[in-house]
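In what follows, a structure is listed as structure tokens, so that the remarks can point back to it.
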Amino acid sequence: MKKLYLLLPVLILMACSSESLSVRDAKGLIDTYTEKNQVFESTTIDLGERKLRIKKDEAEITALKSLESEGLVSMDTSEKYKKFLSKDSVMVVNIRLNAAAAPYVINQKKNRAEVMSYVFELQSDADVSLKLSGKRKATATAKLIKTPTPFAVIGKDKNPNTAFINRDFTLKYKEDSGWYVAK
């Protein structure tokens, strides 16, 4: 009987081990990971002085004007002229990023900036599918909803026919910290 009383706490500790991973725990881990490390699609925008043709680059000019109306970029026209024997006019503009565009900028160089065009967020009502590959490693597949940013008008959509993507996240277990999303 004494052996049973000594064995009972050990069995309880083994049953309540934190090595087990549930779908709810995996969804919580993925949610905190996507809040800290955003999942996004990016596009580039050319900065500085550029020559734009009014008819040929009409879509780009309207996109830049919409960004200018939102206060994300500044577009100053320095000159406008028509080439000899040409049907199209040329407009020389200077494009600059404003401070309001800072949350969307990923990487910036002298004449080019990489900006977020679409941001993906975890769908709140969808479950996460979980595949355990061992006691300390698992793969979770989650559905992420696509949300356009103001810079979506500039770039091309990599998945134009869907409003979501499925993404795999690798989950690992450490004894001292528990489960976490591996990069």
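In the structure tokens, each chain is lettered A, B, ... as it comes, each chain's residues begin at 1, and ligands are numbered from 1 in order of appearance.
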Extract, using only C-alpha atoms, all DNA, RNA and protein residues at most 6 Å from segment 34-49 of chain A, discarding same-chain residues fewer than 3 positions from it, and format them as a ChimeraX atom specification. /A:31,93-96,111-120,155
Would you return as a ChimeraX atom specification the members of segment 80-177 of chain A that DSSP assigns to strand (DSSP E) on this structure's backbone? /A:80-82,89-97,105-108,112-122,129-132,137-148,164-174
Output C-alpha atoms for every residue in that selection, as an mmCIF file, in the first residue's frame.
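Now in part-v7.cif:
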```cif
data_model
loop_
_atom_site.group_PDB
_atom_site.id
_atom_site.type_symbol
_atom_site.label_atom_id
_atom_site.label_comp_id
_atom_site.auth_asym_id
_atom_site.auth_seq_id
_atom_site.Cartn_x
_atom_site.Cartn_y
_atom_site.Cartn_z
ATOM 1 C CA LYS A 80 6.080 68.102 -68.200
ATOM 2 C CA TYR A 81 6.874 68.018 -71.897
ATOM 3 C CA LYS A 82 5.977 66.314 -75.136
ATOM 4 C CA SER A 89 3.793 63.268 -73.062
ATOM 5 C CA VAL A 90 6.533 62.795 -70.474
ATOM 6 C CA MET A 91 6.250 63.895 -66.868
ATOM 7 C CA VAL A 92 9.318 64.157 -64.625
ATOM 8 C CA VAL A 93 8.362 63.522 -60.994
ATOM 9 C CA ASN A 94 10.198 63.252 -57.698
ATOM 10 C CA ILE A 95 8.732 60.523 -55.445
ATOM 11 C CA ARG A 96 9.426 60.511 -51.684
ATOM 12 C CA LEU A 97 8.079 58.398 -48.820
ATOM 13 C CA VAL A 105 8.375 49.805 -45.111
ATOM 14 C CA ILE A 106 10.438 46.614 -44.823
ATOM 15 C CA ASN A 107 13.700 47.673 -46.434
ATOM 16 C CA GLN A 108 14.729 51.069 -47.769
ATOM 17 C CA ARG A 112 14.085 51.985 -53.859
ATOM 18 C CA ALA A 113 11.937 50.801 -50.970
ATOM 19 C CA GLU A 114 10.416 47.407 -50.284
ATOM 20 C CA VAL A 115 6.932 47.793 -48.803
ATOM 21 C CA MET A 116 4.207 45.426 -47.589
ATOM 22 C CA SER A 117 1.424 44.967 -50.122
ATOM 23 C CA TYR A 118 -0.624 42.290 -48.313
ATOM 24 C CA VAL A 119 -0.627 41.286 -44.643
ATOM 25 C CA PHE A 120 -1.841 37.856 -43.541
ATOM 26 C CA GLU A 121 -3.631 37.337 -40.212
ATOM 27 C CA LEU A 122 -4.737 34.103 -38.534
ATOM 28 C CA SER A 129 -4.589 21.015 -38.198
ATOM 29 C CA LEU A 130 -1.834 19.438 -36.146
ATOM 30 C CA LYS A 131 0.567 16.634 -37.101
ATOM 31 C CA LEU A 132 2.874 15.338 -34.409
ATOM 32 C CA LYS A 137 8.220 18.259 -32.844
ATOM 33 C CA ALA A 138 4.938 19.028 -34.604
ATOM 34 C CA THR A 139 3.714 20.679 -37.779
ATOM 35 C CA ALA A 140 0.639 22.883 -37.635
ATOM 36 C CA THR A 141 -1.218 24.096 -40.715
ATOM 37 C CA ALA A 142 -3.195 27.315 -40.265
ATOM 38 C CA LYS A 143 -5.411 29.394 -42.539
ATOM 39 C CA LEU A 144 -4.260 33.013 -42.881
ATOM 40 C CA ILE A 145 -6.606 35.696 -44.243
ATOM 41 C CA LYS A 146 -5.196 38.197 -46.772
ATOM 42 C CA THR A 147 -5.638 41.891 -45.926
ATOM 43 C CA PRO A 148 -4.461 44.505 -48.461
ATOM 44 C CA PHE A 164 -6.460 33.266 -47.847
ATOM 45 C CA ILE A 165 -3.390 31.032 -47.760
ATOM 46 C CA ASN A 166 -2.551 27.870 -45.838
ATOM 47 C CA ARG A 167 0.791 28.055 -44.069
ATOM 48 C CA ASP A 168 2.745 25.392 -42.197
ATOM 49 C CA PHE A 169 4.365 26.259 -38.875
ATOM 50 C CA THR A 170 6.931 24.020 -37.203
ATOM 51 C CA LEU A 171 6.439 23.689 -33.459
ATOM 52 C CA LYS A 172 9.216 22.415 -31.196
ATOM 53 C CA TYR A 173 9.382 21.560 -27.520
ATOM 54 C CA LYS A 174 12.106 22.501 -25.028
#
```
One number please: atom CA of Tyr104 of chain A to atom CA of Glu79 of chain A, in Å, one decimal.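 Separating atom CA of Tyr104 of chain A from atom CA of Glu79 of chain A is a distance of 29.5 Å.
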Expected answer as a list of chain:residue names: alpha helix (DSSP H) residues in segment 41-162 of chain A: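 Answer for segment 41-162 of chain A, restricted to alpha helix (DSSP H): A:Glu58, A:Ala59, A:Glu60, A:Ile61, A:Thr62, A:Ala63, A:Leu64, A:Lys65, A:Ser66, A:Leu67, A:Glu68, A:Ser69.
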Just write the chosen residues, N, CA, C and O atoms, as a PDB file, in the first residue's frame.
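For reference, again.pdb as written:
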```
ATOM      1  N   GLU A  58      -0.115  55.215 -67.137  1.00  0.00           N
ATOM      2  CA  GLU A  58      -1.301  55.789 -66.515  1.00  0.00           C
ATOM      3  C   GLU A  58      -1.709  55.043 -65.240  1.00  0.00           C
ATOM      4  O   GLU A  58      -2.071  55.663 -64.236  1.00  0.00           O
ATOM      5  N   ALA A  59      -1.616  53.711 -65.239  1.00  0.00           N
ATOM      6  CA  ALA A  59      -1.997  52.933 -64.049  1.00  0.00           C
ATOM      7  C   ALA A  59      -1.060  53.239 -62.877  1.00  0.00           C
ATOM      8  O   ALA A  59      -1.516  53.386 -61.736  1.00  0.00           O
ATOM      9  N   GLU A  60       0.227  53.363 -63.157  1.00  0.00           N
ATOM     10  CA  GLU A  60       1.191  53.673 -62.091  1.00  0.00           C
ATOM     11  C   GLU A  60       0.990  55.094 -61.562  1.00  0.00           C
ATOM     12  O   GLU A  60       1.104  55.331 -60.357  1.00  0.00           O
ATOM     13  N   ILE A  61       0.672  56.029 -62.453  1.00  0.00           N
ATOM     14  CA  ILE A  61       0.443  57.414 -62.032  1.00  0.00           C
ATOM     15  C   ILE A  61      -0.789  57.505 -61.141  1.00  0.00           C
ATOM     16  O   ILE A  61      -0.768  58.175 -60.098  1.00  0.00           O
ATOM     17  N   THR A  62      -1.879  56.814 -61.505  1.00  0.00           N
ATOM     18  CA  THR A  62      -3.073  56.845 -60.657  1.00  0.00           C
ATOM     19  C   THR A  62      -2.813  56.170 -59.313  1.00  0.00           C
ATOM     20  O   THR A  62      -3.340  56.619 -58.284  1.00  0.00           O
ATOM     21  N   ALA A  63      -2.012  55.100 -59.289  1.00  0.00           N
ATOM     22  CA  ALA A  63      -1.674  54.441 -58.024  1.00  0.00           C
ATOM     23  C   ALA A  63      -0.853  55.374 -57.135  1.00  0.00           C
ATOM     24  O   ALA A  63      -1.099  55.475 -55.922  1.00  0.00           O
ATOM     25  N   LEU A  64       0.104  56.075 -57.725  1.00  0.00           N
ATOM     26  CA  LEU A  64       0.925  57.011 -56.948  1.00  0.00           C
ATOM     27  C   LEU A  64       0.093  58.192 -56.448  1.00  0.00           C
ATOM     28  O   LEU A  64       0.297  58.669 -55.330  1.00  0.00           O
ATOM     29  N   LYS A  65      -0.859  58.647 -57.265  1.00  0.00           N
ATOM     30  CA  LYS A  65      -1.724  59.746 -56.815  1.00  0.00           C
ATOM     31  C   LYS A  65      -2.645  59.306 -55.681  1.00  0.00           C
ATOM     32  O   LYS A  65      -2.922  60.091 -54.772  1.00  0.00           O
ATOM     33  N   SER A  66      -3.102  58.061 -55.703  1.00  0.00           N
ATOM     34  CA  SER A  66      -3.939  57.574 -54.594  1.00  0.00           C
ATOM     35  C   SER A  66      -3.108  57.446 -53.314  1.00  0.00           C
ATOM     36  O   SER A  66      -3.601  57.746 -52.222  1.00  0.00           O
ATOM     37  N   LEU A  67      -1.853  57.022 -53.438  1.00  0.00           N
ATOM     38  CA  LEU A  67      -0.971  56.968 -52.265  1.00  0.00           C
ATOM     39  C   LEU A  67      -0.660  58.369 -51.752  1.00  0.00           C
ATOM     40  O   LEU A  67      -0.530  58.585 -50.543  1.00  0.00           O
ATOM     41  N   GLU A  68      -0.548  59.322 -52.675  1.00  0.00           N
ATOM     42  CA  GLU A  68      -0.298  60.704 -52.277  1.00  0.00           C
ATOM     43  C   GLU A  68      -1.505  61.292 -51.550  1.00  0.00           C
ATOM     44  O   GLU A  68      -1.359  62.024 -50.572  1.00  0.00           O
ATOM     45  N   SER A  69      -2.713  60.940 -51.993  1.00  0.00           N
ATOM     46  CA  SER A  69      -3.919  61.452 -51.326  1.00  0.00           C
ATOM     47  C   SER A  69      -4.075  60.863 -49.922  1.00  0.00           C
ATOM     48  O   SER A  69      -4.671  61.486 -49.051  1.00  0.00           O
TER      49      SER A  69
END
```
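Shortest separation to Phe151 of chain A among A:Ala99, A:Val181, A:Leu72, A:Ala163 occurs at residue A:Leu72, atoms counted being only C-alpha atoms.
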Can you tell me which residues surround Lys87 of chain A at a distance of at most 12 Å, considering only C-alpha atoms, apart from same-chain residues fewer than 6 positions away, and format the answer as a ChimeraX atom specification? /A:53-56,81
In Å, how far is it from atom CA of Gly71 of chain A to atom CA of Val153 of chain A?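 Between atom CA of Gly71 of chain A and atom CA of Val153 of chain A the gap is 14.6 Å.
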Given only C-alpha atoms as the basis, pick out the residue of A:Gly134, A:Thr77, A:Thr162, A:Gln123 nearest to Ile30 of chain A. A:Gln123
Grab the atom CA of Asp125 of chain A to atom CA of Tyr33 of chain A distance for me, in Å with one decimal place. 17.4 Å
